[in-house]
$ cat coords-v2.txt   # compact mmCIF, C-alpha atoms
# COMPACT_ATOMS: atom_id res chain seq x y z
CA MET A 1 -7.74 -10.77 18.87
CA PHE A 2 -9.34 -11.20 15.47
CA THR A 3 -8.76 -13.20 12.29
CA GLY A 4 -9.57 -10.64 9.58
CA ILE A 5 -12.59 -12.66 8.42
CA ILE A 6 -15.50 -10.20 8.24
CA THR A 7 -18.78 -11.53 9.62
CA ASP A 8 -21.04 -8.52 9.01
CA VAL A 9 -21.06 -5.27 7.07
CA GLY A 10 -22.62 -2.78 9.44
CA ARG A 11 -23.63 0.81 8.97
CA VAL A 12 -23.09 3.96 11.02
CA ARG A 13 -26.51 5.14 12.22
CA ALA A 14 -25.43 8.19 14.22
CA VAL A 15 -22.32 10.18 15.14
CA GLU A 16 -22.16 12.30 18.30
CA ARG A 17 -19.09 14.49 18.66
CA GLN A 18 -18.78 15.62 22.28
CA GLY A 19 -15.43 15.13 23.99
CA ASP A 20 -14.81 11.67 22.57
CA THR A 21 -16.91 10.64 19.56
CA ARG A 22 -19.77 8.16 19.95
CA PHE A 23 -20.90 6.06 17.01
CA THR A 24 -24.17 4.13 16.91
CA ILE A 25 -23.67 1.07 14.70
CA GLU A 26 -26.42 -0.91 12.94
CA THR A 27 -25.61 -4.61 12.67
CA ALA A 28 -27.04 -7.99 11.75
CA PHE A 29 -25.28 -9.44 14.83
CA ASP A 30 -27.63 -10.66 17.56
CA THR A 31 -27.00 -7.82 19.99
CA GLU A 32 -28.43 -9.92 22.84
CA THR A 33 -25.22 -11.98 22.60
CA ILE A 34 -22.93 -8.92 22.72
CA ALA A 35 -21.81 -7.99 26.23
CA ILE A 36 -21.25 -4.42 27.32
CA GLY A 37 -17.45 -4.11 27.26
CA ALA A 38 -17.08 -6.53 24.34
CA SER A 39 -14.46 -5.80 21.68
CA ILE A 40 -15.53 -5.60 18.04
CA ALA A 41 -13.28 -4.69 15.11
CA HIS A 42 -14.67 -1.84 12.97
CA ASN A 43 -12.78 -1.57 9.65
CA GLY A 44 -9.95 -3.16 11.60
CA VAL A 45 -10.14 -0.89 14.66
CA CYS A 46 -10.85 -2.70 17.94
CA LEU A 47 -13.46 -0.68 19.87
CA THR A 48 -15.46 -1.38 23.02
CA VAL A 49 -19.26 -1.71 23.10
CA ILE A 50 -20.61 0.76 25.69
CA GLU A 51 -24.38 0.53 25.03
CA LYS A 52 -26.66 -1.67 22.97
CA GLY A 53 -30.21 -2.05 21.74
CA PRO A 54 -32.07 -4.22 19.21
CA GLY A 55 -29.90 -4.34 16.08
CA THR A 56 -27.60 -1.55 17.28
CA TYR A 57 -24.77 -0.84 19.67
CA VAL A 58 -22.68 2.18 20.62
CA ILE A 59 -18.90 2.55 20.59
CA GLN A 60 -16.71 5.46 21.62
CA ALA A 61 -13.51 6.65 19.92
CA SER A 62 -10.90 9.01 21.33
CA GLY A 63 -9.29 11.86 19.41
CA GLU A 64 -6.14 9.69 19.12
CA THR A 65 -8.11 6.90 17.39
CA LEU A 66 -9.80 9.38 15.05
CA SER A 67 -6.45 10.92 14.09
CA LYS A 68 -4.68 7.59 13.38
CA THR A 69 -7.46 5.79 11.47
CA THR A 70 -10.22 6.47 8.94
CA LEU A 71 -12.88 6.75 11.66
CA GLY A 72 -12.73 10.56 11.64
CA GLY A 73 -14.38 10.46 8.21
CA TRP A 74 -17.32 8.29 9.26
CA LYS A 75 -20.81 9.77 8.94
CA PRO A 76 -24.34 8.35 9.08
CA GLY A 77 -24.68 5.74 6.34
CA THR A 78 -20.98 4.79 6.20
CA ARG A 79 -20.67 1.02 5.64
CA ILE A 80 -18.09 -0.73 7.84
CA ASN A 81 -16.53 -4.19 8.08
CA LEU A 82 -17.32 -5.83 11.43
CA GLU A 83 -15.74 -8.78 13.20
CA ARG A 84 -16.45 -9.95 16.71
CA ALA A 85 -13.49 -10.95 18.88
CA LEU A 86 -12.04 -14.42 18.51
CA LYS A 87 -13.09 -17.07 21.03
CA VAL A 88 -11.00 -20.05 22.05
CA GLY A 89 -11.85 -22.85 19.64
CA ASP A 90 -12.90 -20.55 16.75
CA GLU A 91 -11.55 -21.29 13.29
CA LEU A 92 -8.50 -19.21 12.33
CA GLY A 93 -9.45 -18.58 8.72
CA GLY A 94 -7.35 -15.47 8.11
CA HIS A 95 -4.34 -14.46 10.19
CA ILE A 96 -3.92 -13.15 13.74
CA VAL A 97 -5.09 -9.52 13.73
CA SER A 98 -4.86 -7.37 16.87
CA GLY A 99 -7.30 -4.61 15.91
CA HIS A 100 -4.57 -2.00 16.48
CA VAL A 101 -4.32 -0.09 13.20
CA ASP A 102 -0.75 0.86 12.26
CA GLY A 103 -1.61 3.60 9.79
CA VAL A 104 -3.76 4.81 6.94
CA GLY A 105 -3.01 3.79 3.36
CA ARG A 106 -4.66 4.80 0.11
CA LEU A 107 -6.22 2.83 -2.74
CA LEU A 108 -4.33 3.79 -5.90
CA SER A 109 -5.98 1.64 -8.56
CA ILE A 110 -8.62 -0.98 -9.26
CA ARG A 111 -8.46 -3.22 -12.30
CA PRO A 112 -10.36 -6.35 -13.28
CA GLU A 113 -8.37 -9.58 -13.31
CA GLY A 114 -10.53 -12.53 -14.32
CA GLU A 115 -13.55 -12.45 -12.01
CA SER A 116 -11.44 -10.81 -9.30
CA LEU A 117 -10.30 -7.25 -8.82
CA ARG A 118 -6.62 -6.33 -8.48
CA LEU A 119 -6.33 -3.50 -5.97
CA THR A 120 -3.10 -1.54 -5.59
CA PHE A 121 -2.55 0.37 -2.36
CA GLU A 122 0.11 2.74 -1.09
CA ALA A 123 1.28 2.30 2.50
CA PRO A 124 2.92 5.01 4.60
CA ALA A 125 6.71 4.83 4.23
CA ASN A 126 7.21 3.69 7.84
CA LEU A 127 4.97 0.64 7.25
CA ALA A 128 6.04 -0.35 3.72
CA LYS A 129 9.08 -2.32 4.94
CA TYR A 130 6.76 -4.71 6.81
CA ILE A 131 4.71 -5.66 3.74
CA ALA A 132 6.10 -8.61 1.79
CA PRO A 133 4.95 -10.65 -1.21
CA LYS A 134 2.83 -13.63 -0.08
CA GLY A 135 2.70 -12.14 3.42
CA SER A 136 -0.46 -11.08 5.21
CA VAL A 137 -1.90 -7.61 5.73
CA ALA A 138 -5.21 -6.43 7.19
CA ILE A 139 -6.91 -3.74 5.11
CA ASP A 140 -10.01 -2.22 6.74
CA GLY A 141 -9.95 -5.29 8.98
CA VAL A 142 -9.89 -7.83 6.13
CA SER A 143 -7.09 -10.44 6.13
CA LEU A 144 -5.49 -10.48 2.69
CA THR A 145 -2.47 -12.04 1.00
CA VAL A 146 -0.07 -9.58 -0.62
CA ASN A 147 0.61 -10.40 -4.28
CA GLU A 148 3.45 -8.03 -5.09
CA VAL A 149 5.33 -5.13 -3.53
CA ASP A 150 6.98 -2.19 -5.30
CA GLY A 151 8.43 0.26 -2.77
CA SER A 152 5.50 1.56 -0.73
CA ARG A 153 2.93 0.14 -3.19
CA PHE A 154 1.45 -3.33 -2.93
CA GLY A 155 -1.27 -5.31 -4.66
CA VAL A 156 -3.95 -7.74 -3.53
CA ASN A 157 -6.67 -9.67 -5.36
CA ILE A 158 -10.27 -9.44 -4.20
CA ILE A 159 -12.43 -12.40 -5.25
CA PRO A 160 -16.15 -11.86 -5.95
CA HIS A 161 -17.17 -13.24 -2.52
CA THR A 162 -14.94 -10.72 -0.72
CA GLN A 163 -16.29 -7.92 -2.92
CA THR A 164 -19.82 -8.62 -1.67
CA ALA A 165 -19.10 -9.80 1.91
CA THR A 166 -17.02 -6.70 2.80
CA THR A 167 -16.98 -3.01 1.95
CA PHE A 168 -14.38 -3.61 -0.80
CA GLY A 169 -17.02 -3.70 -3.54
CA GLY A 170 -17.68 -0.01 -2.84
CA LEU A 171 -14.08 1.24 -2.63
CA LYS A 172 -13.01 3.92 -5.10
CA GLU A 173 -9.54 4.98 -6.22
CA GLY A 174 -8.17 7.51 -3.74
CA ASP A 175 -10.10 6.14 -0.76
CA PRO A 176 -8.19 5.91 2.53
CA VAL A 177 -8.01 2.52 4.29
CA ASN A 178 -6.87 1.29 7.70
CA LEU A 179 -3.74 -0.87 7.56
CA GLU A 180 -2.50 -3.34 10.14
CA ILE A 181 0.76 -5.03 9.29
CA ASP A 182 1.32 -8.69 10.07
CA MET A 183 2.29 -9.11 13.71
CA LEU A 184 4.96 -11.66 12.76
CA ALA A 185 6.63 -9.14 10.40
CA ARG A 186 6.72 -6.58 13.19
CA TYR A 187 8.49 -8.95 15.59
CA VAL A 188 10.91 -10.30 13.00
CA ALA A 189 11.94 -6.71 12.16
CA ARG A 190 12.38 -5.93 15.85
CA LEU A 191 14.55 -9.01 16.41
CA ALA A 192 16.60 -8.16 13.33
CA GLY A 193 17.24 -4.69 14.78
CA GLN A 194 15.37 -2.83 12.01
CA GLU A 195 12.96 -1.13 14.36
$ encode --input "coords-v2.txt" --output "structure tokens"
Amino acid sequence: MFTGIITDVGRVRAVERQGDTRFTIETAFDTETIAIGASIAHNGVCLTVIEKGPGTYVIQASGETLSKTTLGGWKPGTRINLERALKVGDELGGHIVSGHVDGVGRLLSIRPEGESLRLTFEAPANLAKYIAPKGSVAIDGVSLTVNEVDGSRFGVNIIPHTQTATTFGGLKEGDPVNLEIDMLARYVARLAGQE
């Protein structure tokens, strides 16, 4: 489990495509404290550490993961939002995030709003019904509050801190993003018989 509060922006150092795809990730995390088998969220995708070295670790992604997320487009130099798994007693600063991406959305527009940026995204039709004004959504692993919803489109504000502490400062219109809907919305819809 995660909270959607990004604690490092890492970088893909290497990509090896053989059977499953292996990614070597550069990080500011102290890799001595990362266990082999640990779960780390990468742009919202929970992946397992299989090797590590000073300042780097290796993860492996299946074809299924590559086809359902933005990971298939990663290449050396790609910047990624990283969050280590939640520990009992950690602060819950965002919302409960599972690291299981529900689908890929797209950034439609960026416009300044005060010192913040207003970002408008489009969600796949099957996910749009789970996104509600003032609800939570994880975009590339970042816990955000939804401002408004219009069909499959929804908007969020990105404050200056979030622009610099995540990959959001480098997003461009048209970019794909990983979306994880709020777990509570998923269960409420299931109980209401909408799923």
$ residues_around --input "coords-v2.txt" --residues "Thr145 of chain A" --least-positions-apart "2" --cutoff "6 Å" --atoms "all atoms listed in the file" --output "list in words"
Lys134, Gly135 and Ser136 of chain A
$ closest_residue --input "coords-v2.txt" --among "A:Ala128, A:Ala138, A:Ala165, A:Ala123" --to "Ala41 of chain A" --atoms "all atoms listed in the file"
A:Ala138
$ atom_distance --input "coords-v2.txt" --atom1 "atom CA of Glu180 of chain A" --atom2 "atom CA of Thr164 of chain A"
21.6 Å
$ closest_residue --input "coords-v2.txt" --among "A:Asn43, A:Thr56, A:Asp90, A:Glu51" --to "Ala28 of chain A" --atoms "all atoms listed in the file"
A:Thr56
$ closest_atom_pairs --input "coords-v2.txt" --of "segment 31-143 of chain A" --to "segment 3-25 of chain A" --cutoff "8 Å" --atoms "all atoms listed in the file" --output "tab-separated table"
residue	atom	partner	partner_atom	distance
A:Gly44	CA	A:Gly4	CA	7.8
A:Thr56	CA	A:Ile25	CA	5.4
A:Tyr57	CA	A:Ile25	CA	5.4
A:Val58	CA	A:Thr24	CA	4.4
A:Ile59	CA	A:Phe23	CA	5.4
A:Gln60	CA	A:Arg22	CA	4.4
A:Ala61	CA	A:Thr21	CA	5.3
A:Ser62	CA	A:Asp20	CA	4.9
A:Gly63	CA	A:Asp20	CA	6.4
A:Trp74	CA	A:Val12	CA	7.4
A:Lys75	CA	A:Val15	CA	6.4
A:Pro76	CA	A:Val12	CA	5.0
A:Gly77	CA	A:Val12	CA	5.3
A:Thr78	CA	A:Val12	CA	5.3
A:Arg79	CA	A:Arg11	CA	4.5
A:Ile80	CA	A:Gly10	CA	5.2
A:Asn81	CA	A:Val9	CA	4.8
A:Leu82	CA	A:Asp8	CA	5.2
A:Glu83	CA	A:Ile6	CA	5.2
A:Arg84	CA	A:Thr7	CA	7.6
A:Leu86	CA	A:Thr3	CA	7.1
A:Leu92	CA	A:Thr3	CA	6.0
A:Gly93	CA	A:Thr3	CA	6.5
A:Gly94	CA	A:Thr3	CA	5.0
A:His95	CA	A:Thr3	CA	5.1
A:Ile96	CA	A:Thr3	CA	5.1
A:Val97	CA	A:Thr3	CA	5.4
A:Ala138	CA	A:Gly4	CA	6.5
A:Gly141	CA	A:Gly4	CA	5.4
A:Val142	CA	A:Gly4	CA	4.5
A:Ser143	CA	A:Gly4	CA	4.3
$ residues_around --input "coords-v2.txt" --residues "Ile159 of chain A" --least-positions-apart "5" --cutoff "7 Å" --atoms "all atoms listed in the file" --output "list in words"
Glu115, Ser116 and Leu117 of chain A
$ atom_distance --input "coords-v2.txt" --atom1 "atom CA of Asn178 of chain A" --atom2 "atom CA of Val45 of chain A"
8.0 Å
$ closest_residue --input "coords-v2.txt" --among "A:Leu127, A:Met183, A:Ile36, A:Val156" --to "His100 of chain A" --atoms "only C-alpha atoms"
A:Met183
$ atom_distance --input "coords-v2.txt" --atom1 "atom CA of Ala85 of chain A" --atom2 "atom CA of Pro54 of chain A"
19.8 Å
$ closest_residue --input "coords-v2.txt" --among "A:Val49, A:Ile131, A:Ile158, A:Ile139" --to "Glu113 of chain A" --atoms "all atoms listed in the file"
A:Ile158
$ axis_aligned_box --input "coords-v2.txt" --around "segment 31-50 of chain A" --padding-each-side "3 Å" --output "JSON"
{"center_x": -19.2, "center_y": -5.6, "center_z": 18.5, "size_x": 24.5, "size_y": 18.7, "size_z": 23.7}
$ closest_residue --input "coords-v2.txt" --among "A:Lys87, A:Asp175, A:Arg118, A:Phe168" --to "Ala38 of chain A" --atoms "all atoms listed in the file"
A:Lys87
$ closest_residue --input "coords-v2.txt" --among "A:Leu179, A:Cys46, A:Leu119, A:Leu71" --to "Asn157 of chain A" --atoms "all atoms listed in the file"
A:Leu119
